[in-house]
file start-v1.txt (compact mmCIF, C-alpha atoms and all ligand atoms)
# COMPACT_ATOMS: atom_id res chain seq x y z
CA ARG A 1 14.37 -0.47 37.49
CA ILE A 2 15.92 2.92 36.73
CA ALA A 3 15.22 5.21 33.78
CA TYR A 4 17.03 8.32 32.56
CA VAL A 5 14.66 11.23 31.89
CA ASN A 6 15.98 14.65 30.90
CA GLY A 7 19.09 14.70 33.03
CA ARG A 8 17.92 12.57 35.96
CA TYR A 9 18.02 8.93 36.91
CA VAL A 10 14.61 8.07 38.34
CA ALA A 11 12.69 4.98 39.39
CA HIS A 12 11.24 3.44 36.22
CA ALA A 13 7.80 3.12 37.83
CA ASP A 14 7.70 6.86 38.54
CA ALA A 15 9.40 8.08 35.35
CA SER A 16 7.23 10.43 33.30
CA VAL A 17 7.28 13.05 30.59
CA HIS A 18 5.02 16.07 30.18
CA ILE A 19 1.56 15.69 28.58
CA GLU A 20 2.54 18.29 25.99
CA ASP A 21 5.69 16.48 24.93
CA ARG A 22 5.63 16.55 21.12
CA GLY A 23 6.53 12.88 21.02
CA TYR A 24 3.26 12.14 22.77
CA GLN A 25 1.16 14.56 20.71
CA PHE A 26 2.70 14.31 17.22
CA ALA A 27 5.10 11.35 17.30
CA ASP A 28 7.64 14.14 16.75
CA GLY A 29 10.68 12.19 17.84
CA VAL A 30 13.18 9.48 17.00
CA TYR A 31 14.62 6.47 18.75
CA GLU A 32 17.25 3.72 18.78
CA VAL A 33 17.35 0.23 20.24
CA CYS A 34 20.74 -1.35 20.94
CA GLU A 35 21.25 -4.97 21.85
CA VAL A 36 23.10 -5.68 25.09
CA ALA A 37 24.87 -9.05 24.94
CA ARG A 38 27.26 -10.56 27.49
CA GLY A 39 27.73 -7.14 29.08
CA PHE A 40 28.52 -5.33 25.82
CA ILE A 41 26.44 -2.74 23.98
CA VAL A 42 26.45 -4.02 20.40
CA ASP A 43 27.27 -1.64 17.52
CA MET A 44 26.67 1.46 19.66
CA PRO A 45 28.69 3.84 17.42
CA ARG A 46 26.56 2.90 14.41
CA HIS A 47 23.34 3.34 16.37
CA LEU A 48 24.48 6.79 17.53
CA ALA A 49 25.45 7.74 13.98
CA ARG A 50 21.98 6.75 12.77
CA LEU A 51 20.40 8.68 15.64
CA ASN A 52 22.44 11.69 14.53
CA ARG A 53 21.10 11.30 11.00
CA SER A 54 17.47 10.88 12.14
CA LEU A 55 17.77 14.02 14.31
CA ALA A 56 19.34 16.01 11.47
CA GLU A 57 16.63 14.93 8.99
CA LEU A 58 13.99 16.29 11.38
CA SER A 59 15.99 19.34 12.54
CA ILE A 60 15.87 18.18 16.16
CA ALA A 61 18.91 19.28 18.17
CA TRP A 62 21.01 16.86 20.20
CA PRO A 63 19.58 16.79 23.74
CA VAL A 64 23.07 16.25 25.21
CA THR A 65 26.43 16.40 23.48
CA ARG A 66 27.16 13.42 21.32
CA ASN A 67 30.04 12.32 23.55
CA VAL A 68 27.84 12.18 26.62
CA LEU A 69 25.12 9.89 25.26
CA PRO A 70 27.27 6.72 25.36
CA LEU A 71 27.95 7.41 29.04
CA ILE A 72 24.23 7.70 29.75
CA LEU A 73 23.54 4.46 27.87
CA ARG A 74 26.20 2.66 29.92
CA GLU A 75 24.90 4.13 33.14
CA VAL A 76 21.33 3.02 32.47
CA VAL A 77 22.48 -0.46 31.44
CA ASN A 78 24.60 -0.80 34.58
CA ARG A 79 22.08 0.66 37.02
CA ASN A 80 19.60 -1.93 35.74
CA HIS A 81 22.19 -4.74 35.90
CA VAL A 82 21.48 -5.62 32.30
CA VAL A 83 23.99 -8.17 30.99
CA ASN A 84 21.73 -9.44 28.21
CA GLY A 85 18.84 -7.33 26.98
CA LEU A 86 18.41 -4.00 25.30
CA VAL A 87 18.84 -0.28 25.82
CA TYR A 88 16.28 2.13 24.35
CA VAL A 89 16.97 5.80 23.53
CA GLN A 90 14.25 8.28 22.57
CA VAL A 91 14.62 11.93 21.64
CA THR A 92 11.60 14.15 20.98
CA ARG A 93 11.40 17.79 19.93
CA GLY A 94 10.41 18.60 23.49
CA VAL A 95 7.53 20.16 25.40
CA ALA A 96 5.52 23.03 23.93
CA SER A 97 1.92 24.21 23.75
CA ARG A 98 0.30 22.10 21.02
CA ASP A 99 0.97 23.58 17.58
CA PHE A 100 2.05 21.76 14.44
CA VAL A 101 4.94 24.05 13.55
CA PHE A 102 8.23 23.74 15.40
CA PRO A 103 8.32 25.41 18.81
CA SER A 104 10.70 28.28 19.54
CA ALA A 105 14.40 27.55 19.23
CA ASP A 106 14.90 27.57 23.02
CA THR A 107 12.65 24.50 23.44
CA LYS A 108 14.88 21.71 24.71
CA PRO A 109 14.61 18.29 23.07
CA ALA A 110 13.56 15.58 25.54
CA LEU A 111 15.77 12.54 26.15
CA VAL A 112 14.63 9.24 27.67
CA VAL A 113 16.85 6.17 28.08
CA THR A 114 15.61 2.85 29.45
CA ALA A 115 17.10 -0.63 29.58
CA ARG A 116 15.65 -4.03 30.18
CA LYS A 117 16.85 -7.57 30.59
CA ALA A 118 16.09 -10.35 28.15
CA ASP A 119 16.49 -14.10 28.43
CA PRO A 120 19.81 -14.76 26.62
CA THR A 121 18.62 -18.22 25.52
CA ALA A 122 15.32 -17.02 24.02
CA GLY A 123 16.85 -15.93 20.71
CA ALA A 124 18.64 -19.22 20.19
CA LYS A 125 15.47 -21.17 20.98
CA ARG A 126 13.49 -19.08 18.53
CA ALA A 127 16.19 -19.53 15.89
CA ASP A 128 15.98 -23.32 16.35
CA SER A 129 12.36 -23.30 15.23
CA GLY A 130 12.43 -20.21 13.00
CA ILE A 131 9.64 -17.68 12.64
CA ALA A 132 6.53 -17.25 10.53
CA VAL A 133 5.95 -14.02 8.61
CA ILE A 134 2.86 -12.64 6.91
CA THR A 135 2.82 -10.03 4.16
CA VAL A 136 0.88 -6.76 4.36
CA PRO A 137 0.50 -3.91 1.85
CA GLU A 138 2.95 -1.04 2.38
CA ASN A 139 0.95 1.80 3.88
CA ARG A 140 3.69 3.92 5.48
CA TRP A 141 5.05 7.30 4.40
CA ASP A 142 8.02 7.57 2.05
CA ARG A 143 10.65 8.54 4.68
CA VAL A 144 10.82 5.39 6.78
CA ASP A 145 14.62 5.71 6.59
CA ILE A 146 14.12 8.14 9.50
CA LYS A 147 13.76 6.11 12.69
CA SER A 148 10.77 8.04 13.99
CA VAL A 149 8.53 6.99 16.86
CA GLY A 150 5.56 7.28 14.46
CA LEU A 151 5.07 3.52 14.28
CA LEU A 152 1.30 3.04 13.99
CA PRO A 153 1.43 1.10 10.68
CA ASN A 154 4.11 -1.12 12.23
CA VAL A 155 1.96 -1.66 15.33
CA LEU A 156 -1.04 -2.67 13.22
CA ALA A 157 1.03 -4.92 10.94
CA LYS A 158 2.72 -6.72 13.82
CA GLN A 159 -0.60 -7.14 15.64
CA LYS A 160 -2.03 -8.68 12.46
CA ALA A 161 0.97 -11.03 12.36
CA LYS A 162 0.38 -12.03 15.96
CA GLU A 163 -3.28 -12.75 15.30
CA ALA A 164 -2.23 -14.95 12.37
CA GLY A 165 0.18 -16.87 14.63
CA ALA A 166 3.21 -15.21 13.03
CA GLN A 167 6.06 -13.20 14.53
CA GLU A 168 6.68 -10.57 11.86
CA ALA A 169 4.88 -8.79 9.01
CA TRP A 170 6.65 -7.85 5.78
CA PHE A 171 5.52 -4.64 4.10
CA VAL A 172 5.09 -5.25 0.37
CA ASP A 173 4.93 -2.61 -2.39
CA ALA A 174 2.03 -2.53 -4.86
CA ASP A 175 4.29 -4.26 -7.44
CA GLY A 176 4.83 -7.21 -5.09
CA THR A 177 8.37 -6.42 -3.91
CA VAL A 178 9.15 -6.96 -0.27
CA LYS A 179 10.40 -3.88 1.59
CA GLU A 180 11.11 -4.79 5.22
CA GLY A 181 9.47 -6.08 8.36
CA GLY A 182 7.53 -4.13 10.96
CA SER A 183 10.68 -4.03 13.10
CA SER A 184 13.34 -5.78 11.01
CA ASN A 185 14.97 -5.94 7.59
CA ALA A 186 14.05 -8.73 5.16
CA TRP A 187 16.49 -11.08 3.42
CA ILE A 188 16.46 -14.18 1.27
CA VAL A 189 19.18 -16.63 0.24
CA THR A 190 18.97 -17.76 -3.39
CA ARG A 191 19.39 -21.35 -4.60
CA ASP A 192 23.01 -20.33 -5.43
CA GLY A 193 23.63 -19.21 -1.86
CA VAL A 194 23.59 -15.46 -2.62
CA LEU A 195 22.13 -13.12 0.02
CA VAL A 196 19.53 -10.70 -1.29
CA THR A 197 18.17 -7.66 0.53
CA ARG A 198 16.51 -4.50 -0.69
CA PRO A 199 18.66 -1.39 -1.23
CA ALA A 200 18.51 0.98 1.76
CA ASP A 201 17.00 4.05 0.14
CA HIS A 202 14.26 6.17 1.73
CA GLY A 203 11.85 3.20 1.47
CA ILE A 204 13.29 1.16 4.35
CA LEU A 205 15.22 1.69 7.55
CA ARG A 206 18.95 1.09 7.04
CA GLY A 207 19.22 -1.47 9.83
CA ILE A 208 22.42 -1.44 11.85
CA THR A 209 22.28 -5.23 11.97
CA ARG A 210 21.80 -5.21 8.18
CA THR A 211 24.95 -3.09 7.78
CA THR A 212 27.01 -5.30 10.09
CA MET A 213 25.61 -8.40 8.33
CA PHE A 214 27.35 -7.23 5.13
CA GLU A 215 30.65 -7.57 7.02
CA VAL A 216 29.65 -10.93 8.48
CA ALA A 217 28.75 -12.18 5.00
CA ALA A 218 32.08 -10.98 3.59
CA LYS A 219 33.89 -12.82 6.38
CA LEU A 220 32.01 -16.01 5.51
CA GLY A 221 32.73 -15.52 1.80
CA LEU A 222 29.06 -15.00 0.94
CA LYS A 223 27.93 -12.74 -1.89
CA ILE A 224 25.27 -10.08 -1.31
CA GLU A 225 23.00 -8.58 -3.96
CA GLU A 226 21.23 -5.39 -2.93
CA ARG A 227 18.03 -5.54 -4.94
CA GLY A 228 14.32 -5.92 -4.48
CA PHE A 229 12.77 -9.40 -4.38
CA SER A 230 9.15 -10.44 -4.77
CA ILE A 231 7.01 -12.52 -2.41
CA ALA A 232 7.08 -15.26 -5.06
CA GLU A 233 10.89 -15.23 -5.18
CA ALA A 234 11.03 -15.32 -1.38
CA LYS A 235 8.69 -18.31 -1.21
CA ALA A 236 10.84 -20.16 -3.76
CA ALA A 237 14.12 -19.19 -2.05
CA ARG A 238 16.59 -21.54 -0.36
CA GLU A 239 16.33 -19.57 2.90
CA ALA A 240 14.77 -16.41 4.25
CA PHE A 241 15.55 -14.44 7.37
CA ILE A 242 15.05 -11.14 9.16
CA SER A 243 17.64 -8.95 10.86
CA SER A 244 17.35 -6.47 13.71
CA ALA A 245 19.34 -5.48 16.77
CA THR A 246 17.28 -7.72 19.02
CA THR A 247 16.83 -10.74 16.70
CA ILE A 248 20.25 -10.70 14.89
CA ALA A 249 19.71 -13.08 11.92
CA MET A 250 16.47 -14.95 12.59
CA PRO A 251 15.35 -17.72 10.19
CA VAL A 252 11.98 -17.31 8.48
CA VAL A 253 10.40 -20.71 7.83
CA THR A 254 7.00 -19.74 6.43
CA ILE A 255 5.63 -16.77 4.48
CA ASP A 256 1.82 -16.40 4.54
CA GLY A 257 1.73 -20.03 5.69
CA ASP A 258 3.82 -21.37 2.79
CA PRO A 259 7.04 -23.12 3.89
CA ILE A 260 10.44 -21.91 2.64
CA ALA A 261 12.36 -24.90 1.23
CA ASN A 262 11.88 -27.79 3.72
CA GLY A 263 10.31 -25.49 6.32
CA HIS A 264 13.34 -25.59 8.62
CA PRO A 265 15.82 -22.81 9.51
CA GLY A 266 18.48 -22.41 6.80
CA SER A 267 22.11 -23.28 7.46
CA ILE A 268 23.47 -20.05 5.92
CA THR A 269 21.19 -17.98 8.15
CA LEU A 270 22.34 -19.90 11.20
CA SER A 271 26.01 -19.45 10.27
CA LEU A 272 25.46 -15.67 9.87
CA ARG A 273 23.79 -15.65 13.26
CA GLN A 274 26.67 -17.61 14.75
CA ALA A 275 29.36 -15.31 13.32
CA PHE A 276 27.58 -12.03 14.03
CA PHE A 277 28.81 -11.42 17.56
CA ASP A 278 32.46 -11.92 16.57
CA ILE A 279 32.22 -9.22 13.88
CA ALA A 280 29.93 -6.66 15.58
CA GLU A 281 31.48 -3.77 17.50
CA LYS A 282 31.21 -4.40 21.26
CA SER A 283 31.39 -1.46 23.68
CA PRO A 284 31.80 -2.51 27.32
CA ALA A 285 28.78 -1.37 29.30
N1 LIG A 301 13.29 -1.91 9.91
C1 LIG A 301 12.45 -1.42 10.85
C2 LIG A 301 11.15 -0.81 10.41
C3 LIG A 301 12.79 -1.47 12.21
O1 LIG A 301 11.96 -0.96 13.14
C4 LIG A 301 14.01 -2.08 12.59
C5 LIG A 301 14.38 -2.22 14.04
N2 LIG A 301 14.59 -1.00 14.67
C6 LIG A 301 14.85 -2.57 11.60
C7 LIG A 301 14.45 -2.46 10.26
C8 LIG A 301 16.18 -3.20 11.93
O2 LIG A 301 17.11 -2.21 12.33
P1 LIG A 301 18.30 -2.57 13.34
O3 LIG A 301 19.08 -3.65 12.71
O4 LIG A 301 19.06 -1.29 13.43
O5 LIG A 301 17.67 -2.97 14.62

call {"tool": "encode", "arguments": {"input": "start-v1.txt", "output": "structure tokens"}}
result
Amino acid sequence: RIAYVNGRYVAHADASVHIEDRGYQFADGVYEVCEVARGFIVDMPRHLARLNRSLAELSIAWPVTRNVLPLILREVVNRNHVVNGLVYVQVTRGVASRDFVFPSADTKPALVVTARKADPTAGAKRADSGIAVITVPENRWDRVDIKSVGLLPNVLAKQKAKEAGAQEAWFVDADGTVKEGGSSNAWIVTRDGVLVTRPADHGILRGITRTTMFEVAAKLGLKIEERGFSIAEAKAAREAFISSATTIAMPVVTIDGDPIANGHPGSITLSLRQAFFDIAEKSPA
């Protein structure tokens, strides 16, 4: 495998960054994950636009010009012969002697790009059975709209889910409203067939898949309400699902062990999943 690290393509096994990289010391960096499907990078322009926003919010400069990054993504995907899988992009504020305040302006941000293959049938298999989610109290900071590599609460929540035999954890506010998953957005489908997902303010990540799903829903003639929903409403819903670049629309069949409807993947979720690839932007790798 080949990785891109600060201007060079190197063997993945030997790829390294400096011990005083601020990503390593302070989680002072941001990232993106794009799905690669059938040789296309899915929704790359939207991912790069969100990366631009994350960088701007943290006053981290672009490590390369914005036009060059797509070329690097393609190169890493191709050098790794990834036809189905993902490409990962990480930008940190760079290497500097450890100090909380920003380093001098001449410190170069660090850029790492990796890609890896995934079994193209795994998602469909998982969608056939659906996933279990648990709920955990929201314990993250109030700027999770920035896609930072500071993911410790997400790590702990998803580990807790795994130990409970579940595949995702939903962060829930003190008032009982569901925010999002550890690495996905949260949705329900009401008894009337309306899609409900929380507004994308500073309290959740504005998922690229979430954004594209609005277009998929419109194409299928489905209504979307952007509003909060409670755990109780989710458990009583017709369907529930998560969205992310790597899972697309993935049916949720239990929440904290309680089945949604008949405990089987919902038909609306599966039709969104089916239609997604036709609507999403596909950049040839
Ligand atoms: N929320 C969180 C916390 C995430 O980590 C992710 C996945 N990166 C998402 C939502 C879904 O975003 P996307 O659709 O862009 O993958």

call {"tool": "atom_distance", "arguments": {"input": "start-v1.txt", "atom1": "atom CA of Ile146 of chain A", "atom2": "atom CA of Ile224 of chain A"}}
result
23.9 Å

call {"tool": "closest_residue", "arguments": {"input": "start-v1.txt", "among": "A:Tyr9, A:Phe26, A:Tyr4, A:Trp141", "to": "ligand LIG 301 (chain A)", "atoms": "all atoms listed in the file"}}
result
A:Trp141

call {"tool": "residues_near_ligand", "arguments": {"input": "start-v1.txt", "ligand": "ligand LIG 301 (chain A)", "cutoff": "7 Å", "atoms": "only C-alpha atoms and all ligand atoms", "output": "list in words"}}
result
Glu32, Val33, His47, Glu180, Gly181, Gly182, Ser183, Ser184, Asn185, Ile204, Leu205, Arg206, Gly207, Ile208, Thr209, Arg210, Ser243, Ser244, Ala245 and Thr246 of chain A

call {"tool": "write_last_selection", "arguments": {"input": "start-v1.txt", "atoms": "C-alpha atoms", "output": "PDB file, in the coordinates of the input"}}
result
ATOM      1  CA  GLU A  32      17.250   3.720  18.780  1.00  0.00           C
ATOM      2  CA  VAL A  33      17.350   0.230  20.240  1.00  0.00           C
ATOM      3  CA  HIS A  47      23.340   3.340  16.370  1.00  0.00           C
ATOM      4  CA  GLU A 180      11.110  -4.790   5.220  1.00  0.00           C
ATOM      5  CA  GLY A 181       9.470  -6.080   8.360  1.00  0.00           C
ATOM      6  CA  GLY A 182       7.530  -4.130  10.960  1.00  0.00           C
ATOM      7  CA  SER A 183      10.680  -4.030  13.100  1.00  0.00           C
ATOM      8  CA  SER A 184      13.340  -5.780  11.010  1.00  0.00           C
ATOM      9  CA  ASN A 185      14.970  -5.940   7.590  1.00  0.00           C
ATOM     10  CA  ILE A 204      13.290   1.160   4.350  1.00  0.00           C
ATOM     11  CA  LEU A 205      15.220   1.690   7.550  1.00  0.00           C
ATOM     12  CA  ARG A 206      18.950   1.090   7.040  1.00  0.00           C
ATOM     13  CA  GLY A 207      19.220  -1.470   9.830  1.00  0.00           C
ATOM     14  CA  ILE A 208      22.420  -1.440  11.850  1.00  0.00           C
ATOM     15  CA  THR A 209      22.280  -5.230  11.970  1.00  0.00           C
ATOM     16  CA  ARG A 210      21.800  -5.210   8.180  1.00  0.00           C
ATOM     17  CA  SER A 243      17.640  -8.950  10.860  1.00  0.00           C
ATOM     18  CA  SER A 244      17.350  -6.470  13.710  1.00  0.00           C
ATOM     19  CA  ALA A 245      19.340  -5.480  16.770  1.00  0.00           C
ATOM     20  CA  THR A 246      17.280  -7.720  19.020  1.00  0.00           C
TER      21      THR A 246
END

call {"tool": "closest_residue", "arguments": {"input": "start-v1.txt", "among": "A:Gln90, A:Asn78, A:Ser54, A:Val149", "to": "Gln25 of chain A", "atoms": "all atoms listed in the file"}}
result
A:Val149

call {"tool": "closest_residue", "arguments": {"input": "start-v1.txt", "among": "A:Arg140, A:His18, A:Arg38, A:Arg74", "to": "Gly94 of chain A", "atoms": "all atoms listed in the file"}}
result
A:His18

call {"tool": "residues_around", "arguments": {"input": "start-v1.txt", "residues": "segment 269-281 of chain A", "least_positions_apart": "4", "cutoff": "10 Å", "atoms": "only C-alpha atoms", "output": "number ranges by chain"}}
result
A: 37, 40-46, 124, 127-128, 187-189, 195, 208-209, 211-217, 219-220, 222, 239-243, 247-252, 265

call {"tool": "closest_residue", "arguments": {"input": "start-v1.txt", "among": "A:Glu35, A:Asp28, A:Asp21, A:Asp201", "to": "Lys282 of chain A", "atoms": "all atoms listed in the file"}}
result
A:Glu35

call {"tool": "residues_around", "arguments": {"input": "start-v1.txt", "residues": "Lys235 of chain A", "least_positions_apart": "5", "cutoff": "9 Å", "atoms": "only C-alpha atoms", "output": "PyMOL selection string"}}
result
chain A and resi 230+240+254-255+258-261

call {"tool": "closest_residue", "arguments": {"input": "start-v1.txt", "among": "A:Leu111, A:Val10, A:Arg143, A:Ala174", "to": "Gly23 of chain A", "atoms": "only C-alpha atoms"}}
result
A:Leu111

call {"tool": "residues_near_point", "arguments": {"input": "start-v1.txt", "point": "(21.0, 4.4, 37.1)", "cutoff": "6 Å", "atoms": "only C-alpha atoms", "output": "PyMOL selection string"}}
result
chain A and resi 2+9+75-76+79

call {"tool": "residues_near_point", "arguments": {"input": "start-v1.txt", "point": "(10.2, 5.4, 34.4)", "cutoff": "9 Å", "atoms": "all atoms listed in the file", "output": "PyMOL selection string"}}
result
chain A and resi 1-5+9-16+112+114

call {"tool": "write_last_selection", "arguments": {"input": "start-v1.txt", "atoms": "C-alpha atoms", "output": "PDB file, in the frame of the given file"}}
result
ATOM      1  CA  ARG A   1      14.370  -0.470  37.490  1.00  0.00           C
ATOM      2  CA  ILE A   2      15.920   2.920  36.730  1.00  0.00           C
ATOM      3  CA  ALA A   3      15.220   5.210  33.780  1.00  0.00           C
ATOM      4  CA  TYR A   4      17.030   8.320  32.560  1.00  0.00           C
ATOM      5  CA  VAL A   5      14.660  11.230  31.890  1.00  0.00           C
ATOM      6  CA  TYR A   9      18.020   8.930  36.910  1.00  0.00           C
ATOM      7  CA  VAL A  10      14.610   8.070  38.340  1.00  0.00           C
ATOM      8  CA  ALA A  11      12.690   4.980  39.390  1.00  0.00           C
ATOM      9  CA  HIS A  12      11.240   3.440  36.220  1.00  0.00           C
ATOM     10  CA  ALA A  13       7.800   3.120  37.830  1.00  0.00           C
ATOM     11  CA  ASP A  14       7.700   6.860  38.540  1.00  0.00           C
ATOM     12  CA  ALA A  15       9.400   8.080  35.350  1.00  0.00           C
ATOM     13  CA  SER A  16       7.230  10.430  33.300  1.00  0.00           C
ATOM     14  CA  VAL A 112      14.630   9.240  27.670  1.00  0.00           C
ATOM     15  CA  THR A 114      15.610   2.850  29.450  1.00  0.00           C
TER      16      THR A 114
END

call {"tool": "atom_distance", "arguments": {"input": "start-v1.txt", "atom1": "atom CA of Val30 of chain A", "atom2": "atom CA of Val91 of chain A"}}
result
5.4 Å

call {"tool": "closest_residue", "arguments": {"input": "start-v1.txt", "among": "A:Val36, A:Ala61, A:Ile72, A:Ala164", "to": "Arg8 of chain A", "atoms": "all atoms listed in the file"}}
result
A:Ile72

call {"tool": "residues_around", "arguments": {"input": "start-v1.txt", "residues": "Gly176 of chain A", "least_positions_apart": "2", "cutoff": "10 Å", "atoms": "only C-alpha atoms", "output": "PyMOL selection string"}}
result
chain A and resi 135+137-138+171-174+178-179+228-232

call {"tool": "atom_distance", "arguments": {"input": "start-v1.txt", "atom1": "atom CA of Ala166 of chain A", "atom2": "atom CA of His264 of chain A"}}
result
15.2 Å

call {"tool": "residues_around", "arguments": {"input": "start-v1.txt", "residues": "Gly203 of chain A", "least_positions_apart": "4", "cutoff": "7 Å", "atoms": "all atoms listed in the file", "output": "PDB file with C-alpha atoms, keeping the file's coordinate frame"}}
result
ATOM      1  CA  ASP A 142       8.020   7.570   2.050  1.00  0.00           C
ATOM      2  CA  ARG A 143      10.650   8.540   4.680  1.00  0.00           C
ATOM      3  CA  VAL A 144      10.820   5.390   6.780  1.00  0.00           C
ATOM      4  CA  ASP A 145      14.620   5.710   6.590  1.00  0.00           C
TER       5      ASP A 145
END
